$ cat protein.txt   # compact mmCIF, C-alpha atoms
# COMPACT_ATOMS: atom_id res chain seq x y z
CA MET F 1 0.03 73.44 -52.60
CA GLU F 2 2.27 72.03 -49.99
CA GLY F 3 5.51 70.53 -51.14
CA GLY F 4 7.45 67.55 -49.82
CA LYS F 5 6.95 63.81 -49.81
CA LYS F 6 3.66 62.44 -48.41
CA GLU F 7 4.16 59.97 -45.59
CA GLU F 8 2.53 56.57 -45.89
CA ALA F 9 0.27 55.32 -43.13
CA GLY F 10 2.02 52.93 -40.74
CA PRO F 11 1.67 51.49 -37.28
CA SER F 12 0.93 54.07 -34.65
CA HIS F 13 3.27 54.12 -31.68
CA GLY F 14 1.39 56.73 -29.68
CA GLY F 15 -2.29 56.07 -30.56
CA LEU F 16 -4.57 53.02 -30.49
CA ASN F 17 -4.06 50.43 -33.23
CA VAL F 18 -7.23 48.30 -33.28
CA ASN F 19 -5.77 45.41 -35.27
CA GLU F 20 -2.69 45.18 -33.06
CA GLU F 21 -4.71 45.25 -29.84
CA LYS F 22 -7.11 42.61 -31.15
CA ARG F 23 -4.20 40.35 -32.07
CA LYS F 24 -2.72 40.78 -28.59
CA GLU F 25 -6.04 39.84 -26.98
CA GLU F 26 -6.31 36.71 -29.14
CA ASP F 27 -2.73 35.72 -28.27
CA SER F 28 -3.45 36.29 -24.57
CA GLU F 29 -6.57 34.10 -24.72
CA GLU F 30 -4.61 31.37 -26.49
CA ASP F 31 -1.87 31.53 -23.83
CA ASP F 32 -4.49 31.25 -21.09
CA GLU F 33 -5.87 28.11 -22.73
CA HIS F 34 -2.41 26.54 -22.77
CA HIS F 35 -1.59 27.57 -19.20
CA GLN F 36 -4.71 26.46 -17.39
CA ASP F 37 -4.21 24.92 -13.98
CA PRO F 38 -3.96 21.11 -14.21
CA VAL F 39 -7.09 19.23 -13.25
CA ASP F 40 -6.67 16.92 -10.28
CA ILE F 41 -8.33 13.76 -11.59
CA THR F 42 -8.01 12.09 -8.18
CA THR F 43 -10.56 14.47 -6.67
CA SER F 44 -13.07 13.79 -9.43
CA TYR F 45 -12.60 10.00 -9.38
CA VAL F 46 -15.58 8.15 -7.96
CA PRO F 47 -14.87 4.47 -7.21
CA GLY F 48 -17.39 1.93 -8.35
CA PRO F 49 -19.52 -0.03 -5.91
CA LEU F 50 -17.79 -2.79 -3.97
CA LEU F 51 -19.01 -6.17 -5.18
CA SER F 52 -18.58 -9.45 -3.40
CA LEU F 53 -16.70 -12.17 -5.23
CA LYS F 54 -19.85 -14.24 -5.18
CA ASP F 55 -21.68 -11.48 -7.09
CA GLN F 56 -18.81 -11.12 -9.54
CA ILE F 57 -18.87 -14.81 -10.32
CA GLU F 58 -22.68 -14.78 -10.43
CA ASN F 59 -22.56 -12.07 -13.10
CA ASP F 60 -20.59 -14.44 -15.34
CA LYS F 61 -22.42 -17.66 -14.54
CA GLU F 62 -23.70 -17.97 -18.11
CA ASP F 63 -20.13 -17.97 -19.40
CA GLU F 64 -18.85 -21.28 -18.07
CA SER F 65 -15.27 -20.81 -19.29
CA LEU F 66 -15.00 -17.32 -17.76
CA ARG F 67 -16.49 -18.54 -14.48
CA ARG F 68 -14.01 -21.42 -14.26
CA TRP F 69 -11.15 -19.07 -15.15
CA LYS F 70 -12.14 -16.75 -12.28
CA GLU F 71 -12.38 -19.64 -9.85
CA LYS F 72 -8.95 -20.87 -10.91
CA LEU F 73 -7.50 -17.37 -10.64
CA LEU F 74 -8.98 -16.86 -7.18
CA GLY F 75 -8.00 -20.29 -5.97
CA CYS F 76 -11.44 -20.95 -4.51
CA LEU F 77 -14.85 -22.29 -5.49
CA GLU F 78 -18.14 -20.46 -5.53
CA SER F 79 -19.34 -22.65 -2.66
CA ASP F 80 -16.60 -21.13 -0.44
CA LEU F 81 -17.96 -17.59 -0.88
CA ASN F 82 -20.69 -16.24 1.38
CA GLY F 83 -21.46 -12.94 -0.33
CA GLN F 84 -19.62 -10.80 2.23
CA MET F 85 -18.11 -7.75 0.54
CA GLU F 86 -15.52 -6.69 3.13
CA PRO F 87 -12.25 -8.64 2.82
CA GLU F 88 -10.77 -10.19 5.93
CA VAL F 89 -7.11 -11.03 6.53
CA LYS F 90 -6.62 -13.65 9.22
CA PHE F 91 -3.05 -13.96 10.51
CA HIS F 92 -2.13 -17.43 11.73
CA SER F 93 1.45 -16.96 12.92
CA VAL F 94 4.47 -14.70 12.95
CA GLY F 95 7.90 -16.24 12.65
CA ILE F 96 11.49 -15.09 12.68
CA LEU F 97 14.34 -16.59 10.68
CA SER F 98 17.92 -16.03 11.78
CA SER F 99 21.27 -17.72 11.34
CA ASP F 100 21.55 -17.68 15.14
CA PHE F 101 18.78 -20.18 15.85
CA GLY F 102 17.06 -21.09 12.58
CA GLU F 103 13.30 -20.46 12.69
CA ILE F 104 10.87 -19.69 15.51
CA ASN F 105 7.12 -19.46 14.87
CA THR F 106 4.57 -17.99 17.27
CA PRO F 107 0.83 -18.68 16.78
CA LEU F 108 -1.49 -15.68 16.62
CA PRO F 109 -3.21 -14.01 18.33
CA ILE F 110 -0.90 -13.33 21.25
CA LYS F 111 -2.55 -12.54 24.57
CA GLU F 112 -2.45 -8.80 25.21
CA GLU F 113 -1.38 -9.31 28.83
CA SER F 114 1.62 -11.40 27.76
CA LYS F 115 4.87 -9.58 28.55
CA SER F 116 7.22 -12.38 27.52
CA VAL F 117 9.99 -11.77 24.99
CA LEU F 118 8.96 -13.05 21.56
CA PHE F 119 12.53 -13.71 20.41
CA THR F 120 16.16 -12.90 21.26
CA LEU F 121 18.77 -11.94 18.65
CA ARG F 122 22.50 -11.35 18.91
CA GLU F 123 23.82 -7.92 18.04
CA GLY F 124 24.83 -7.54 14.39
CA SER F 125 22.81 -10.55 13.26
CA GLU F 126 20.62 -10.80 10.15
CA TYR F 127 16.97 -11.77 10.49
CA ARG F 128 13.65 -11.78 8.63
CA LEU F 129 10.05 -11.88 9.79
CA LYS F 130 7.78 -14.54 8.30
CA LEU F 131 3.99 -14.15 8.13
CA THR F 132 1.36 -16.80 7.55
CA PHE F 133 -2.13 -15.51 6.79
CA SER F 134 -5.36 -16.22 4.93
CA VAL F 135 -7.60 -13.89 2.93
CA LEU F 136 -11.35 -14.39 3.24
CA HIS F 137 -14.52 -13.18 1.48
CA ASN F 138 -13.04 -10.75 -1.06
CA ILE F 139 -9.83 -9.41 -2.62
CA VAL F 140 -7.69 -7.29 -0.30
CA SER F 141 -5.82 -4.54 -2.15
CA GLY F 142 -2.55 -2.89 -1.20
CA LEU F 143 -1.88 -4.74 2.04
CA ALA F 144 1.02 -2.91 3.69
CA TYR F 145 2.85 -3.11 7.01
CA THR F 146 4.51 -0.76 9.47
CA ASN F 147 6.92 -2.05 12.12
CA THR F 148 7.78 0.50 14.81
CA VAL F 149 10.41 -0.13 17.49
CA TRP F 150 10.97 1.63 20.84
CA LYS F 151 13.62 1.34 23.54
CA ALA F 152 13.21 2.94 26.95
CA GLY F 153 10.14 4.79 25.66
CA LEU F 154 11.95 6.38 22.68
CA GLN F 155 11.14 5.45 19.08
CA ILE F 156 14.39 4.34 17.45
CA ASP F 157 13.25 2.72 14.21
CA GLN F 158 10.33 2.35 11.84
CA SER F 159 10.19 0.24 8.69
CA LYS F 160 7.41 0.14 6.11
CA GLY F 161 6.67 -2.11 3.18
CA MET F 162 4.07 -3.34 0.74
CA LEU F 163 2.95 -6.97 0.76
CA GLY F 164 0.63 -6.62 -2.24
CA THR F 165 -2.88 -7.57 -3.33
CA PHE F 166 -4.28 -10.98 -2.42
CA ALA F 167 -7.38 -12.96 -3.38
CA PRO F 168 -9.12 -15.57 -1.23
CA GLN F 169 -7.69 -19.05 -1.54
CA ARG F 170 -7.89 -22.30 0.39
CA GLU F 171 -4.19 -22.47 1.26
CA PRO F 172 -2.65 -19.80 3.53
CA TYR F 173 -0.20 -17.27 2.15
CA ILE F 174 3.38 -17.21 3.43
CA HIS F 175 5.18 -13.89 3.10
CA MET F 176 8.72 -12.92 4.09
CA LEU F 177 9.50 -9.34 5.07
CA GLU F 178 12.71 -7.59 4.08
CA GLU F 179 15.92 -8.75 5.75
CA GLU F 180 17.18 -6.54 8.57
CA ILE F 181 20.31 -6.40 10.75
CA THR F 182 20.26 -5.79 14.49
CA PRO F 183 22.40 -2.91 15.80
CA SER F 184 25.68 -3.56 17.58
CA GLY F 185 27.36 -2.16 20.67
CA ALA F 186 26.71 -1.97 24.38
CA LEU F 187 23.94 0.63 23.96
CA ALA F 188 22.12 -1.60 21.47
CA ARG F 189 21.73 -4.48 23.90
CA GLY F 190 18.60 -4.83 25.95
CA THR F 191 14.85 -5.26 25.61
CA TYR F 192 12.79 -3.52 22.93
CA THR F 193 9.05 -3.00 22.47
CA ALA F 194 7.56 -3.06 18.98
CA LYS F 195 4.28 -2.75 17.12
CA LEU F 196 3.58 -4.52 13.82
CA LYS F 197 0.55 -3.13 11.97
CA PHE F 198 -1.13 -4.22 8.71
CA VAL F 199 -3.44 -1.87 6.79
CA ASP F 200 -4.93 -2.12 3.28
CA ASP F 201 -5.71 0.53 0.65
CA ASP F 202 -9.10 1.17 2.21
CA LYS F 203 -7.47 1.90 5.60
CA ARG F 204 -8.78 -1.30 7.17
CA CYS F 205 -6.49 -2.44 9.96
CA HIS F 206 -6.23 -6.25 9.81
CA LEU F 207 -3.68 -6.74 12.59
CA GLU F 208 -1.98 -4.67 15.27
CA LEU F 209 0.58 -6.80 17.10
CA ASN F 210 2.48 -5.52 20.15
CA TYR F 211 5.51 -7.62 21.07
CA LEU F 212 8.86 -7.62 22.89
CA PHE F 213 12.25 -8.75 21.66
CA GLU F 214 15.77 -8.68 23.02
CA ILE F 215 19.23 -8.03 21.59
CA SER F 216 22.03 -9.84 23.39
CA LYS F 217 25.81 -9.68 23.27
CA GLY F 218 27.44 -11.24 20.21
CA ARG F 219 29.86 -14.12 20.24

$ encode --input "protein.txt" --output "structure tokens"
Amino acid sequence: MEGGKKEEAGPSHGGLNVNEEKRKEEDSEEDDEHHQDPVDITTSYVPGPLLSLKDQIENDKEDESLRRWKEKLLGCLESDLNGQMEPEVKFHSVGILSSDFGEINTPLPIKEESKSVLFTLREGSEYRLKLTFSVLHNIVSGLAYTNTVWKAGLQIDQSKGMLGTFAPQREPYIHMLEEEITPSGALARGTYTAKLKFVDDDKRCHLELNYLFEISKGR
């Protein structure tokens, strides 16, 4: 008979402990579930079919109150809609407002061969561009603009902005762009070329306007 105290069974540090390994595997699986790569919902999003406003109103023709509410919201009547699905933005004029001369409006479109200066501003003066346009056929979403300016063939400025989402209506929209200030100094004076471009969320280009303007010496 061997003497001494009998050791109780405990966790094995050198051999395989089945229960411990199983628990580690379960913990690892649970961690994997919590650390899965995020799903990009934008890649799985499928937009619905584009419907004309005429079809949208037609779908609700049995609900007179809803139909009238849509017509009031859109600012047009069903008789004005022709079933065309693609929205159209028609620009009527571009204007400039400045404390130097007040307001100057130029009808659109401008002849491509025209090389005349659209407007002249003094250095260091504040100004804003004013747009008058109509939306036809359907709602245009996310109408945005980019205004790029060059001097002597070098791009010196580019401004971008969002106009918003617009529905067809009988009266034209009038929209003012952000206020800007012309540069100052002898190097800033002279003639500039610029391109004003309007694109919506669906990458439709509704206007691409090339124009000239001049910065003159201040008072």

$ residues_around --input "protein.txt" --residues "Thr148 of chain F" --least-positions-apart "3" --cutoff "8 Å" --atoms "only C-alpha atoms" --output "number ranges by chain"
F: 155, 157-159, 194-196

$ closest_residue --input "protein.txt" --among "F:Glu88, F:Glu103, F:Glu64, F:Glu126" --to "Ile215 of chain F" --atoms "all atoms listed in the file"
F:Glu126

$ residues_near_point --input "protein.txt" --point "(-2.9, -19.0, 6.8)" --cutoff "10 Å" --atoms "only C-alpha atoms" --output "count of residues only"
16

$ closest_residue --input "protein.txt" --among "F:Val149, F:Ile96, F:Ala144, F:Val199" --to "Lys130 of chain F" --atoms "all atoms listed in the file"
F:Ile96

$ atom_distance --input "protein.txt" --atom1 "atom CA of Leu108 of chain F" --atom2 "atom CA of Glu86 of chain F"
21.4 Å

$ atom_distance --input "protein.txt" --atom1 "atom CA of Val117 of chain F" --atom2 "atom CA of Gly161 of chain F"
24.1 Å

$ atom_distance --input "protein.txt" --atom1 "atom CA of Asp63 of chain F" --atom2 "atom CA of Leu136 of chain F"
24.5 Å

$ axis_aligned_box --input "protein.txt" --around "segment 91-94 of chain F" --padding-each-side "3 Å" --output "lines of an AutoDock Vina configuration file"
center_x = 0.7
center_y = -15.7
center_z = 11.7
size_x = 13.5
size_y = 9.5
size_z = 8.4

$ closest_residue --input "protein.txt" --among "F:Leu187, F:Ala167, F:Val140, F:Leu121" --to "Lys203 of chain F" --atoms "all atoms listed in the file"
F:Val140

$ closest_residue --input "protein.txt" --among "F:Gln84, F:Ser184, F:Asn210, F:Thr146" --to "Phe198 of chain F" --atoms "only C-alpha atoms"
F:Thr146

$ residues_around --input "protein.txt" --residues "Leu129 of chain F" --least-positions-apart "2" --cutoff "10 Å" --atoms "all atoms listed in the file" --output "tab-separated table (two decimals) with C-alpha atoms, in the frame of the given file"
chain	number	residue	atom	x	y	z
F	94	VAL	CA	4.47	-14.70	12.95
F	95	GLY	CA	7.90	-16.24	12.65
F	96	ILE	CA	11.49	-15.09	12.68
F	97	LEU	CA	14.34	-16.59	10.68
F	98	SER	CA	17.92	-16.03	11.78
F	103	GLU	CA	13.30	-20.46	12.69
F	104	ILE	CA	10.87	-19.69	15.51
F	105	ASN	CA	7.12	-19.46	14.87
F	127	TYR	CA	16.97	-11.77	10.49
F	131	LEU	CA	3.99	-14.15	8.13
F	175	HIS	CA	5.18	-13.89	3.10
F	176	MET	CA	8.72	-12.92	4.09
F	177	LEU	CA	9.50	-9.34	5.07
F	178	GLU	CA	12.71	-7.59	4.08
F	179	GLU	CA	15.92	-8.75	5.75
F	180	GLU	CA	17.18	-6.54	8.57

$ closest_residue --input "protein.txt" --among "F:Leu143, F:Leu118, F:Ile110, F:Ala152" --to "Arg189 of chain F" --atoms "all atoms listed in the file"
F:Ala152

$ residues_near_point --input "protein.txt" --point "(-0.8, -9.3, 18.8)" --cutoff "8 Å" --atoms "only C-alpha atoms" --output "PDB file with C-alpha atoms, in the frame of the given file"
ATOM      1  CA  LEU F 108      -1.490 -15.680  16.620  1.00  0.00           C
ATOM      2  CA  PRO F 109      -3.210 -14.010  18.330  1.00  0.00           C
ATOM      3  CA  ILE F 110      -0.900 -13.330  21.250  1.00  0.00           C
ATOM      4  CA  LYS F 111      -2.550 -12.540  24.570  1.00  0.00           C
ATOM      5  CA  GLU F 112      -2.450  -8.800  25.210  1.00  0.00           C
ATOM      6  CA  LEU F 207      -3.680  -6.740  12.590  1.00  0.00           C
ATOM      7  CA  GLU F 208      -1.980  -4.670  15.270  1.00  0.00           C
ATOM      8  CA  LEU F 209       0.580  -6.800  17.100  1.00  0.00           C
ATOM      9  CA  ASN F 210       2.480  -5.520  20.150  1.00  0.00           C
ATOM     10  CA  TYR F 211       5.510  -7.620  21.070  1.00  0.00           C
TER      11      TYR F 211
END
